[in-house]
>>> print(open('work_10.txt').read())   # compact mmCIF, C-alpha atoms and all ligand atoms
# COMPACT_ATOMS: atom_id res chain seq x y z
CA SER C 1 0.00 0.00 0.00
CA ALA C 2 1.85 3.00 -1.28
CA GLN C 3 0.88 6.25 0.31
CA ALA C 4 1.83 9.53 -1.21
CA PRO C 5 0.31 12.05 1.16
CA THR C 6 -2.52 13.84 -0.57
CA GLN C 7 -2.31 16.90 1.64
CA PRO C 8 1.24 18.26 1.81
CA ARG C 9 1.32 19.62 5.33
CA ARG C 10 4.41 21.20 6.81
CA VAL C 11 5.36 19.83 10.20
CA GLU C 12 7.96 21.09 12.65
CA ASN C 13 11.34 20.41 11.10
CA LEU C 14 13.98 19.26 13.58
CA HIS C 15 16.84 19.89 11.19
CA THR C 16 16.24 23.50 10.38
CA ASP C 17 19.62 24.00 8.75
CA LYS C 18 18.76 21.30 6.26
CA GLY C 19 15.09 22.15 6.05
CA LYS C 20 15.00 23.13 2.42
CA VAL C 21 12.10 20.88 1.50
CA PRO C 22 8.57 20.52 2.81
CA VAL C 23 8.04 17.66 5.25
CA TYR C 24 4.71 15.92 4.96
CA ALA C 25 2.81 14.82 8.05
CA THR C 26 3.79 11.21 7.35
CA GLY C 27 7.44 12.21 7.37
CA ILE C 28 7.79 11.62 3.63
CA VAL C 29 9.66 14.15 1.50
CA GLU C 30 10.59 14.28 -2.17
CA GLN C 31 14.20 13.43 -2.92
CA HIS C 32 14.65 16.75 -4.77
CA TRP C 33 17.44 15.17 -6.76
CA ASP C 34 17.91 18.23 -8.97
CA GLY C 35 18.75 20.19 -5.85
CA TYR C 36 21.94 18.27 -5.06
CA SER C 37 25.06 20.34 -5.62
CA ALA C 38 28.24 19.22 -7.35
CA GLU C 39 29.73 19.04 -3.86
CA ASP C 40 26.95 16.67 -2.73
CA HIS C 41 27.63 14.33 -5.66
CA ALA C 42 31.36 14.55 -4.95
CA THR C 43 30.77 13.59 -1.30
CA TRP C 44 28.81 10.54 -2.46
CA ALA C 45 31.56 9.65 -4.96
CA THR C 46 34.31 9.92 -2.36
CA LEU C 47 32.45 7.87 0.24
CA PHE C 48 31.29 5.28 -2.29
CA ALA C 49 34.74 4.69 -3.76
CA ARG C 50 36.41 4.52 -0.37
CA GLN C 51 33.93 2.09 1.11
CA ARG C 52 33.77 -0.19 -1.91
CA GLU C 53 37.51 -0.56 -1.81
CA LEU C 54 37.48 -1.33 1.91
CA LEU C 55 34.54 -3.70 1.63
CA VAL C 56 35.85 -6.13 -0.95
CA GLY C 57 36.80 -9.09 1.22
CA ARG C 58 35.16 -7.50 4.27
CA ALA C 59 31.47 -7.08 3.44
CA SER C 60 29.30 -10.13 2.98
CA THR C 61 29.34 -11.47 -0.56
CA GLU C 62 25.60 -11.00 -0.64
CA PHE C 63 25.88 -7.30 0.26
CA LEU C 64 28.38 -6.61 -2.52
CA ARG C 65 26.44 -8.65 -5.05
CA ALA C 66 23.17 -6.92 -4.14
CA GLN C 67 24.75 -3.49 -4.36
CA ASP C 68 26.02 -4.25 -7.85
CA ALA C 69 22.66 -5.66 -8.89
CA MET C 70 20.93 -2.45 -7.83
CA GLY C 71 23.13 -0.39 -10.08
CA MET C 72 24.50 1.98 -7.46
CA THR C 73 27.58 3.69 -8.85
CA PRO C 74 30.01 6.28 -7.51
CA ASP C 75 29.52 8.86 -10.27
CA ARG C 76 26.39 10.49 -8.83
CA ILE C 77 23.86 10.21 -6.03
CA PRO C 78 21.36 7.58 -7.15
CA LYS C 79 17.77 8.57 -7.80
CA TYR C 80 15.36 6.67 -5.54
CA ASP C 81 13.01 6.24 -8.50
CA ASP C 82 15.74 4.52 -10.52
CA LEU C 83 16.63 2.17 -7.65
CA ASN C 84 12.94 1.43 -7.11
CA GLN C 85 12.70 0.20 -10.72
CA VAL C 86 15.10 -2.58 -9.73
CA LEU C 87 14.16 -3.08 -6.08
CA GLU C 88 10.39 -3.29 -6.35
CA PRO C 89 10.28 -6.14 -8.87
CA ALA C 90 12.97 -7.99 -6.87
CA THR C 91 11.49 -8.02 -3.36
CA GLY C 92 8.55 -5.61 -3.27
CA TRP C 93 10.48 -2.98 -1.29
CA ARG C 94 10.34 0.68 -2.24
CA LEU C 95 12.45 3.62 -1.07
CA ILE C 96 10.80 6.75 0.26
CA GLY C 97 12.54 10.02 1.05
CA VAL C 98 12.54 11.31 4.62
CA GLU C 99 14.03 14.30 6.39
CA GLY C 100 15.63 12.17 9.13
CA LEU C 101 14.74 9.85 11.97
CA LEU C 102 11.02 9.15 12.22
CA PRO C 103 8.82 8.54 15.25
CA GLU C 104 9.18 4.83 16.09
CA LEU C 105 5.68 3.77 15.13
CA ASP C 106 5.87 5.54 11.75
CA PHE C 107 9.17 3.82 11.08
CA PHE C 108 7.77 0.38 11.97
CA GLU C 109 4.71 0.92 9.80
CA HIS C 110 6.81 1.88 6.82
CA LEU C 111 8.93 -1.25 7.22
CA ALA C 112 5.91 -3.49 7.71
CA ASN C 113 4.64 -2.20 4.35
CA ARG C 114 8.02 -2.62 2.66
CA ARG C 115 8.76 1.08 2.44
CA PHE C 116 12.31 1.91 3.43
CA PRO C 117 12.82 5.50 4.61
CA VAL C 118 15.98 7.06 3.19
CA THR C 119 17.25 10.39 4.46
CA TRP C 120 17.31 12.71 1.42
CA TRP C 121 20.28 14.93 2.40
CA ILE C 122 23.95 13.99 2.38
CA ARG C 123 26.57 14.98 4.96
CA ARG C 124 28.85 17.96 4.42
CA PRO C 125 32.50 17.42 3.38
CA GLU C 126 33.78 18.08 6.91
CA GLN C 127 31.56 15.22 8.14
CA ILE C 128 33.03 12.66 5.73
CA ASP C 129 34.47 10.47 8.47
CA TYR C 130 31.80 10.77 11.12
CA ILE C 131 28.25 11.97 11.44
CA GLU C 132 26.01 11.41 14.47
CA GLU C 133 22.75 11.00 12.60
CA PRO C 134 21.89 8.89 9.58
CA ASP C 135 22.27 10.68 6.24
CA LEU C 136 21.72 9.57 2.65
CA PHE C 137 25.03 7.76 2.49
CA HIS C 138 24.36 5.65 5.56
CA ASP C 139 20.80 4.86 4.54
CA LEU C 140 21.31 4.26 0.84
CA PHE C 141 24.75 2.72 0.70
CA GLY C 142 24.42 0.92 4.03
CA HIS C 143 20.82 -0.27 4.33
CA VAL C 144 19.36 -0.51 0.87
CA PRO C 145 21.49 -3.14 -0.93
CA LEU C 146 20.43 -6.06 1.30
CA LEU C 147 16.77 -5.24 0.64
CA MET C 148 17.49 -6.96 -2.70
CA ASN C 149 18.05 -10.22 -0.82
CA PRO C 150 14.70 -12.05 -0.48
CA VAL C 151 15.42 -13.44 3.00
CA PHE C 152 16.77 -10.21 4.43
CA ALA C 153 13.91 -8.32 2.76
CA ASP C 154 11.44 -10.54 4.60
CA TYR C 155 13.34 -10.08 7.86
CA MET C 156 13.06 -6.30 7.63
CA ALA C 157 9.32 -6.44 6.97
CA ALA C 158 8.82 -8.92 9.82
CA TYR C 159 10.81 -6.57 12.04
CA GLY C 160 8.43 -3.76 11.13
CA ARG C 161 5.40 -5.85 12.07
CA GLY C 162 7.18 -6.88 15.27
CA GLY C 163 7.82 -3.21 15.98
CA VAL C 164 4.18 -2.29 15.69
CA LYS C 165 3.42 -5.07 18.16
CA ALA C 166 6.21 -4.15 20.60
CA HIS C 167 5.10 -0.53 20.49
CA ALA C 168 1.68 -1.60 21.77
CA ILE C 169 3.23 -3.77 24.51
CA GLY C 170 5.42 -1.05 26.00
CA THR C 171 8.81 0.58 26.39
CA ASP C 172 10.69 -2.47 27.72
CA ALA C 173 9.59 -4.58 24.76
CA LEU C 174 10.62 -1.77 22.41
CA GLN C 175 14.02 -1.57 24.04
CA ASN C 176 14.54 -5.33 23.61
CA LEU C 177 13.56 -5.10 19.96
CA THR C 178 15.75 -2.06 19.33
CA ARG C 179 18.76 -3.96 20.64
CA LEU C 180 18.04 -6.73 18.15
CA TYR C 181 17.94 -4.18 15.32
CA TRP C 182 21.15 -2.62 16.52
CA TYR C 183 23.10 -5.87 16.73
CA THR C 184 21.79 -7.28 13.45
CA VAL C 185 20.64 -4.66 10.92
CA GLU C 186 23.10 -2.00 12.06
CA PHE C 187 26.12 -3.89 13.42
CA GLY C 188 25.76 -7.52 12.37
CA LEU C 189 28.54 -9.84 11.23
CA ILE C 190 28.03 -13.03 9.22
CA ARG C 191 30.19 -16.13 9.03
CA GLU C 192 31.09 -17.09 5.48
CA ALA C 193 33.35 -19.84 4.15
CA GLU C 194 36.34 -17.47 3.99
CA GLY C 195 35.75 -15.99 7.44
CA LEU C 196 33.72 -13.30 9.18
CA ARG C 197 32.13 -10.66 6.99
CA ILE C 198 30.13 -7.50 7.64
CA TYR C 199 26.47 -7.05 6.82
CA GLY C 200 25.39 -4.35 9.32
CA SER C 201 24.71 -0.95 7.78
CA GLY C 202 26.34 1.00 10.57
CA ILE C 203 29.57 -0.83 9.82
CA VAL C 204 29.51 -0.88 6.02
CA SER C 205 28.92 2.86 5.91
CA SER C 206 31.84 3.62 8.26
CA SER C 207 35.44 3.39 7.06
CA GLY C 208 36.83 3.15 10.58
CA GLU C 209 34.40 0.56 11.87
CA SER C 210 34.65 -1.55 8.67
CA VAL C 211 38.20 -2.34 9.70
CA HIS C 212 37.67 -2.30 13.46
CA ALA C 213 34.73 -4.71 13.46
CA LEU C 214 36.70 -7.46 11.72
CA GLU C 215 40.34 -6.80 12.47
CA SER C 216 40.69 -5.06 15.82
CA PRO C 217 41.50 -7.32 18.79
CA ALA C 218 39.46 -5.00 21.06
CA PRO C 219 35.82 -6.10 20.50
CA ASN C 220 34.12 -9.39 21.32
CA ARG C 221 32.72 -11.38 18.43
CA ILE C 222 30.01 -13.69 19.71
CA GLY C 223 27.60 -16.13 18.09
CA PHE C 224 24.03 -14.91 17.52
CA ASP C 225 21.70 -15.63 20.46
CA LEU C 226 18.32 -13.90 20.32
CA GLU C 227 17.52 -13.39 23.98
CA ARG C 228 21.12 -12.63 24.88
CA ILE C 229 21.14 -9.87 22.24
CA MET C 230 17.84 -8.46 23.43
CA ARG C 231 19.37 -8.02 26.88
CA THR C 232 22.60 -6.43 25.70
CA ARG C 233 23.22 -2.69 25.94
CA TYR C 234 25.13 -1.00 23.13
CA ARG C 235 27.26 1.98 22.14
CA ILE C 236 26.04 4.92 20.15
CA ASP C 237 29.08 7.18 20.31
CA THR C 238 32.00 4.74 19.96
CA TYR C 239 32.69 1.54 18.05
CA GLN C 240 30.78 -1.44 19.46
CA LYS C 241 32.37 -3.47 22.24
CA THR C 242 30.63 -6.59 20.98
CA TYR C 243 29.50 -7.80 17.57
CA PHE C 244 27.14 -10.75 17.10
CA VAL C 245 27.75 -13.24 14.32
CA ILE C 246 25.05 -15.02 12.32
CA ASP C 247 25.66 -18.08 10.14
CA SER C 248 23.10 -17.08 7.53
CA PHE C 249 20.13 -14.80 6.95
CA GLU C 250 17.98 -17.94 7.14
CA GLN C 251 19.21 -18.48 10.70
CA LEU C 252 18.26 -14.89 11.56
CA MET C 253 14.83 -15.33 10.02
CA ALA C 254 14.17 -18.63 11.80
CA ALA C 255 15.37 -17.38 15.19
CA THR C 256 13.13 -14.32 15.06
CA ASP C 257 10.06 -16.10 13.71
CA PRO C 258 8.47 -17.07 17.08
CA ASP C 259 6.05 -14.73 18.81
CA PHE C 260 8.13 -12.43 21.00
CA THR C 261 5.34 -11.74 23.50
CA PRO C 262 6.40 -14.47 25.98
CA ILE C 263 10.05 -13.60 25.36
CA TYR C 264 9.45 -9.97 26.31
CA ALA C 265 7.69 -11.15 29.49
CA ARG C 266 10.64 -13.39 30.38
CA LEU C 267 13.21 -10.69 29.65
CA SER C 268 11.44 -8.17 31.86
CA GLU C 269 12.54 -10.31 34.83
CA GLN C 270 16.20 -10.24 33.80
CA ASP C 271 18.92 -7.63 34.08
CA SER C 272 20.46 -6.04 31.01
CA ILE C 273 23.99 -7.04 30.05
CA PRO C 274 26.72 -4.40 29.70
CA ALA C 275 27.95 -3.93 26.11
CA GLY C 276 31.33 -5.56 26.66
CA THR C 277 30.46 -8.52 28.90
CA VAL C 278 31.19 -12.08 27.80
CA LEU C 279 28.96 -14.74 29.38
CA GLU C 280 29.73 -18.35 30.23
CA SER C 281 26.99 -19.38 27.81
CA ASP C 282 28.35 -17.37 24.84
CA THR C 283 29.76 -18.95 21.71
CA VAL C 284 32.92 -16.90 21.50
CA HIS C 285 34.51 -16.34 18.08
CA HIS C 286 36.88 -13.81 19.59
CA ARG C 287 37.19 -12.55 23.15
CA GLY C 288 37.91 -8.83 23.02
CA THR C 289 40.93 -7.34 24.72
CA GLY C 290 38.80 -4.36 25.68
CA GLU C 291 41.56 -2.03 24.53
CA GLY C 292 40.36 1.56 24.26
CA TRP C 293 36.94 0.90 25.78
CA SER C 294 35.32 3.70 27.71
CA THR C 295 34.03 2.59 31.09
CA ASP C 296 30.67 4.30 30.83
CA GLY C 297 28.20 5.26 28.14
CA ASP C 298 26.46 1.98 27.30
CA VAL C 299 22.85 2.71 26.40
N1 LIG Q 301 8.53 -12.62 15.68
C1 LIG Q 301 8.58 -11.30 16.25
C2 LIG Q 301 7.38 -11.02 17.15
O1 LIG Q 301 6.50 -11.81 17.26
C3 LIG Q 301 8.64 -10.23 15.17
C4 LIG Q 301 9.99 -10.03 14.61
C5 LIG Q 301 10.38 -10.65 13.44
C6 LIG Q 301 10.88 -9.21 15.25
C7 LIG Q 301 11.65 -10.42 12.93
C8 LIG Q 301 12.13 -8.98 14.74
C9 LIG Q 301 12.52 -9.60 13.57
O2 LIG Q 301 7.32 -10.00 17.76
FE FE Q 302 20.80 2.86 10.14
>>> encode(input="work_10.txt", output="structure tokens", more="lines below")
Ligand code: PHE
Ligand code: FE
Amino acid sequence: SAQAPTQPRRVENLHTDKGKVPVYATGIVEQHWDGYSAEDHATWATLFARQRELLVGRASTEFLRAQDAMGMTPDRIPKYDDLNQVLEPATGWRLIGVEGLLPELDFFEHLANRRFPVTWWIRRPEQIDYIEEPDLFHDLFGHVPLLMNPVFADYMAAYGRGGVKAHAIGTDALQNLTRLYWYTVEFGLIREAEGLRIYGSGIVSSSGESVHALESPAPNRIGFDLERIMRTRYRIDTYQKTYFVIDSFEQLMAATDPDFTPIYARLSEQDSIPAGTVLESDTVHHRGTGEGWSTDGDV
């Protein structure tokens, strides 16, 4: 169910310095592709070329294959409409432009209906290496390619439906679900025949973390465990202390298929786990040295 808002209604724009376009009540904006400057396209080109070089041999084969299949290239910022021509027939997903982070329920409802919100603006040149909030590069380069993969595409839609449900249950359930998103969609690793590879968008869109996540001795790399992940706090302002490793997207899909309602009830009785803790019950691929970790700031 596509929904172009019939009544363009301006809403309060949190990012006033970027607020060049009208924001509809649903949070949807036009991409305004013609409005990108030469500098914007150059920022995309620089980031794209740098990450692709880093990611060969580091990103999951499926990520790289999917990105090629979509036709994303470094020469210019892709048009959502062009990508949609490829994406929609493949898995039924469609990209929509947004100004930035959406209210949780709106976000879940978009995902449940296979609409992926992509921030329309791209970071400024001085933010090339780090930006606190998701921009076009993170969303498009990082999140969108795997939507071409049928299993991952289904996972994201199931997550959206799960989000709508968790939202109705309450804040603790939402927190549990958010941790799952963080440690899979944003910061997930996958085990392939040649070794560990990255599939999380937060990693693939970051040059520093692309290397850190796989090669640094500092972080833990632990086998995927649903309830363990849903109890684990995470980092928003530093590299992760722990990454969780799946064996396949099918494993992720199967593990998250059960109704979470009883799981949320069970987890509400248990304490959260600090971001860097290794448990007796963990399947440890690598035990982190903890080098460079800050002692506080887990969320
Ligand atoms: N099975 C989950 C539930 O019942 C929904 C979900 C699916 C959540 C996939 C995350 C990922 O709530
Ligand atoms: Fe993201």
>>> atom_distance(input="work_10.txt", atom1="atom CA of C:Gly162", atom2="atom CA of C:Glu109")
9.8 Å
>>> closest_residue(input="work_10.txt", among="C:Thr256, C:Ser201, C:Ser37, C:Thr46", to="ligand FE 302 (chain Q)", atoms="all atoms listed in the file")
C:Ser201
>>> residues_near_point(input="work_10.txt", point="(39.1, 1.2, 3.0)", cutoff="10 Å", atoms="only C-alpha atoms", output="count of residues only")
15
>>> closest_residue(input="work_10.txt", among="C:Asp75, C:Asp34, C:Glu132, C:Asp259", to="ligand FE 302 (chain Q)", atoms="only C-alpha atoms and all ligand atoms")
C:Glu132
>>> closest_residue(input="work_10.txt", among="C:Thr261, C:Ser205, C:Thr283, C:Gln127", to="C:Glu186", atoms="all atoms listed in the file")
C:Ser205
>>> residues_near_ligand(input="work_10.txt", ligand="ligand LIG 301 (chain Q)", cutoff="8 Å", atoms="all atoms listed in the file", output="PyMOL selection string")
chain C and resi 155-163+165-166+177+180-181+253+256-261
>>> write_last_selection(input="work_10.txt", atoms="C-alpha atoms", output="PDB file, in the coordinates of the input")
ATOM      1  CA  TYR C 155      13.340 -10.080   7.860  1.00  0.00           C
ATOM      2  CA  MET C 156      13.060  -6.300   7.630  1.00  0.00           C
ATOM      3  CA  ALA C 157       9.320  -6.440   6.970  1.00  0.00           C
ATOM      4  CA  ALA C 158       8.820  -8.920   9.820  1.00  0.00           C
ATOM      5  CA  TYR C 159      10.810  -6.570  12.040  1.00  0.00           C
ATOM      6  CA  GLY C 160       8.430  -3.760  11.130  1.00  0.00           C
ATOM      7  CA  ARG C 161       5.400  -5.850  12.070  1.00  0.00           C
ATOM      8  CA  GLY C 162       7.180  -6.880  15.270  1.00  0.00           C
ATOM      9  CA  GLY C 163       7.820  -3.210  15.980  1.00  0.00           C
ATOM     10  CA  LYS C 165       3.420  -5.070  18.160  1.00  0.00           C
ATOM     11  CA  ALA C 166       6.210  -4.150  20.600  1.00  0.00           C
ATOM     12  CA  LEU C 177      13.560  -5.100  19.960  1.00  0.00           C
ATOM     13  CA  LEU C 180      18.040  -6.730  18.150  1.00  0.00           C
ATOM     14  CA  TYR C 181      17.940  -4.180  15.320  1.00  0.00           C
ATOM     15  CA  MET C 253      14.830 -15.330  10.020  1.00  0.00           C
ATOM     16  CA  THR C 256      13.130 -14.320  15.060  1.00  0.00           C
ATOM     17  CA  ASP C 257      10.060 -16.100  13.710  1.00  0.00           C
ATOM     18  CA  PRO C 258       8.470 -17.070  17.080  1.00  0.00           C
ATOM     19  CA  ASP C 259       6.050 -14.730  18.810  1.00  0.00           C
ATOM     20  CA  PHE C 260       8.130 -12.430  21.000  1.00  0.00           C
ATOM     21  CA  THR C 261       5.340 -11.740  23.500  1.00  0.00           C
TER      22      THR C 261
END
>>> axis_aligned_box(input="work_10.txt", around="stretch 256-274 of chain C", padding_each_side="6 Å", output="lines of an AutoDock Vina configuration file")
center_x = 16.0
center_y = -10.7
center_z = 24.3
size_x = 33.4
size_y = 24.7
size_z = 33.1
>>> closest_atom_pairs(input="work_10.txt", of="chain C", to="ligand FE 302 (chain Q)", cutoff="7 Å", atoms="all atoms listed in the file", output="JSON lines")
{"residue": "C:Pro134", "atom": "CA", "partner": "Q:FE302", "partner_atom": "FE", "distance": 6.2}
{"residue": "C:His138", "atom": "CA", "partner": "Q:FE302", "partner_atom": "FE", "distance": 6.4}
{"residue": "C:Asp139", "atom": "CA", "partner": "Q:FE302", "partner_atom": "FE", "distance": 5.9}
{"residue": "C:His143", "atom": "CA", "partner": "Q:FE302", "partner_atom": "FE", "distance": 6.6}
{"residue": "C:Glu186", "atom": "CA", "partner": "Q:FE302", "partner_atom": "FE", "distance": 5.7}
{"residue": "C:Ser201", "atom": "CA", "partner": "Q:FE302", "partner_atom": "FE", "distance": 5.9}
{"residue": "C:Gly202", "atom": "CA", "partner": "Q:FE302", "partner_atom": "FE", "distance": 5.9}
>>> residues_near_point(input="work_10.txt", point="(26.4, -13.4, 6.1)", cutoff="10 Å", atoms="only C-alpha atoms", output="list in words")
Ala59, Ser60, Thr61, Glu62, Phe63, Gly188, Leu189, Ile190, Arg191, Glu192, Ala193, Gly195, Leu196, Arg197, Ile198, Tyr199, Gly200, Val245, Ile246, Asp247, Ser248, Phe249, Glu250, Gln251 and Leu252 of chain C
>>> residues_around(input="work_10.txt", residues="C:Asp81", least_positions_apart="5", cutoff="12 Å", atoms="all atoms listed in the file", output="PyMOL selection string")
chain C and resi 30-33+70+86-88+93-97
>>> atom_distance(input="work_10.txt", atom1="atom CA of C:Tyr234", atom2="atom CA of C:Gly292")
15.5 Å
>>> atom_distance(input="work_10.txt", atom1="atom CA of C:Gln67", atom2="atom CA of C:Phe48")
11.1 Å
>>> closest_residue(input="work_10.txt", among="C:Trp182, C:Phe116, C:Trp121, C:Tyr80", to="C:Leu136", atoms="all atoms listed in the file")
C:Trp121
>>> closest_residue(input="work_10.txt", among="C:Ala90, C:Ala69, C:Ala218, C:Val299", to="C:Pro150", atoms="all atoms listed in the file")
C:Ala90
>>> residues_around(input="work_10.txt", residues="C:Gly71", least_positions_apart="6", cutoff="10 Å", atoms="only C-alpha atoms", output="ChimeraX atom specification")
/C:78,82-83,86,145
>>> closest_residue(input="work_10.txt", among="C:Ala254, C:Ala275, C:Ala112, C:Ala42", to="C:Gln240", atoms="all atoms listed in the file")
C:Ala275
>>> residues_around(input="work_10.txt", residues="stretch 270-274 of chain C", least_positions_apart="5", cutoff="9 Å", atoms="all atoms listed in the file", output="PyMOL selection string")
chain C and resi 228-234+298-299
>>> build_atoms(input="work_10.txt", residues="stretch 283-291 of chain C", atoms="all heavy atoms", output="short mmCIF file (atom, residue, chain, number, x, y, z; two decimals), keeping the file's coordinate frame")
data_model
loop_
_atom_site.label_atom_id
_atom_site.label_comp_id
_atom_site.auth_asym_id
_atom_site.auth_seq_id
_atom_site.Cartn_x
_atom_site.Cartn_y
_atom_site.Cartn_z
N THR C 283 28.87 -18.32 22.69
CA THR C 283 29.76 -18.95 21.71
C THR C 283 30.74 -17.87 21.27
O THR C 283 30.36 -16.93 20.56
CB THR C 283 28.96 -19.43 20.47
OG1 THR C 283 27.95 -20.33 20.92
CG2 THR C 283 29.87 -20.12 19.47
N VAL C 284 31.97 -17.99 21.72
CA VAL C 284 32.92 -16.90 21.50
C VAL C 284 33.77 -17.15 20.25
O VAL C 284 34.52 -18.12 20.20
CB VAL C 284 33.84 -16.73 22.74
CG1 VAL C 284 34.84 -15.60 22.52
CG2 VAL C 284 33.01 -16.47 23.99
N HIS C 285 33.62 -16.28 19.25
CA HIS C 285 34.51 -16.34 18.08
C HIS C 285 35.82 -15.64 18.42
O HIS C 285 36.88 -16.06 18.03
CB HIS C 285 33.87 -15.64 16.87
CG HIS C 285 32.67 -16.35 16.34
ND1 HIS C 285 32.73 -17.25 15.32
CD2 HIS C 285 31.36 -16.30 16.70
CE1 HIS C 285 31.52 -17.72 15.05
NE2 HIS C 285 30.68 -17.16 15.88
N HIS C 286 35.68 -14.55 19.16
CA HIS C 286 36.88 -13.81 19.59
C HIS C 286 36.55 -13.10 20.90
O HIS C 286 35.53 -12.42 20.98
CB HIS C 286 37.29 -12.78 18.53
CG HIS C 286 38.36 -11.84 19.01
ND1 HIS C 286 39.69 -12.17 19.02
CD2 HIS C 286 38.28 -10.58 19.54
CE1 HIS C 286 40.39 -11.15 19.52
NE2 HIS C 286 39.57 -10.18 19.85
N ARG C 287 37.38 -13.27 21.90
CA ARG C 287 37.19 -12.55 23.15
C ARG C 287 37.96 -11.24 23.08
O ARG C 287 39.18 -11.24 22.90
CB ARG C 287 37.67 -13.38 24.34
CG ARG C 287 37.43 -12.71 25.70
CD ARG C 287 37.93 -13.58 26.82
NE ARG C 287 37.10 -14.78 26.99
CZ ARG C 287 36.08 -14.85 27.84
NH1 ARG C 287 35.78 -13.83 28.63
NH2 ARG C 287 35.36 -15.95 27.94
N GLY C 288 37.27 -10.14 23.18
CA GLY C 288 37.91 -8.83 23.02
C GLY C 288 38.90 -8.51 24.11
O GLY C 288 38.72 -8.91 25.26
N THR C 289 39.94 -7.77 23.73
CA THR C 289 40.93 -7.34 24.72
C THR C 289 40.39 -6.16 25.52
O THR C 289 40.90 -5.84 26.58
CB THR C 289 42.22 -6.88 24.04
OG1 THR C 289 41.89 -5.77 23.15
CG2 THR C 289 42.87 -8.00 23.23
N GLY C 290 39.37 -5.50 24.98
CA GLY C 290 38.80 -4.36 25.68
C GLY C 290 39.65 -3.10 25.55
O GLY C 290 39.34 -2.06 26.15
N GLU C 291 40.67 -3.17 24.74
CA GLU C 291 41.56 -2.03 24.53
C GLU C 291 40.78 -0.81 24.03
O GLU C 291 40.00 -0.89 23.09
CB GLU C 291 42.59 -2.46 23.48
CG GLU C 291 43.73 -1.52 23.24
CD GLU C 291 44.55 -2.01 22.03
OE1 GLU C 291 44.67 -3.24 21.85
OE2 GLU C 291 45.00 -1.14 21.27
#
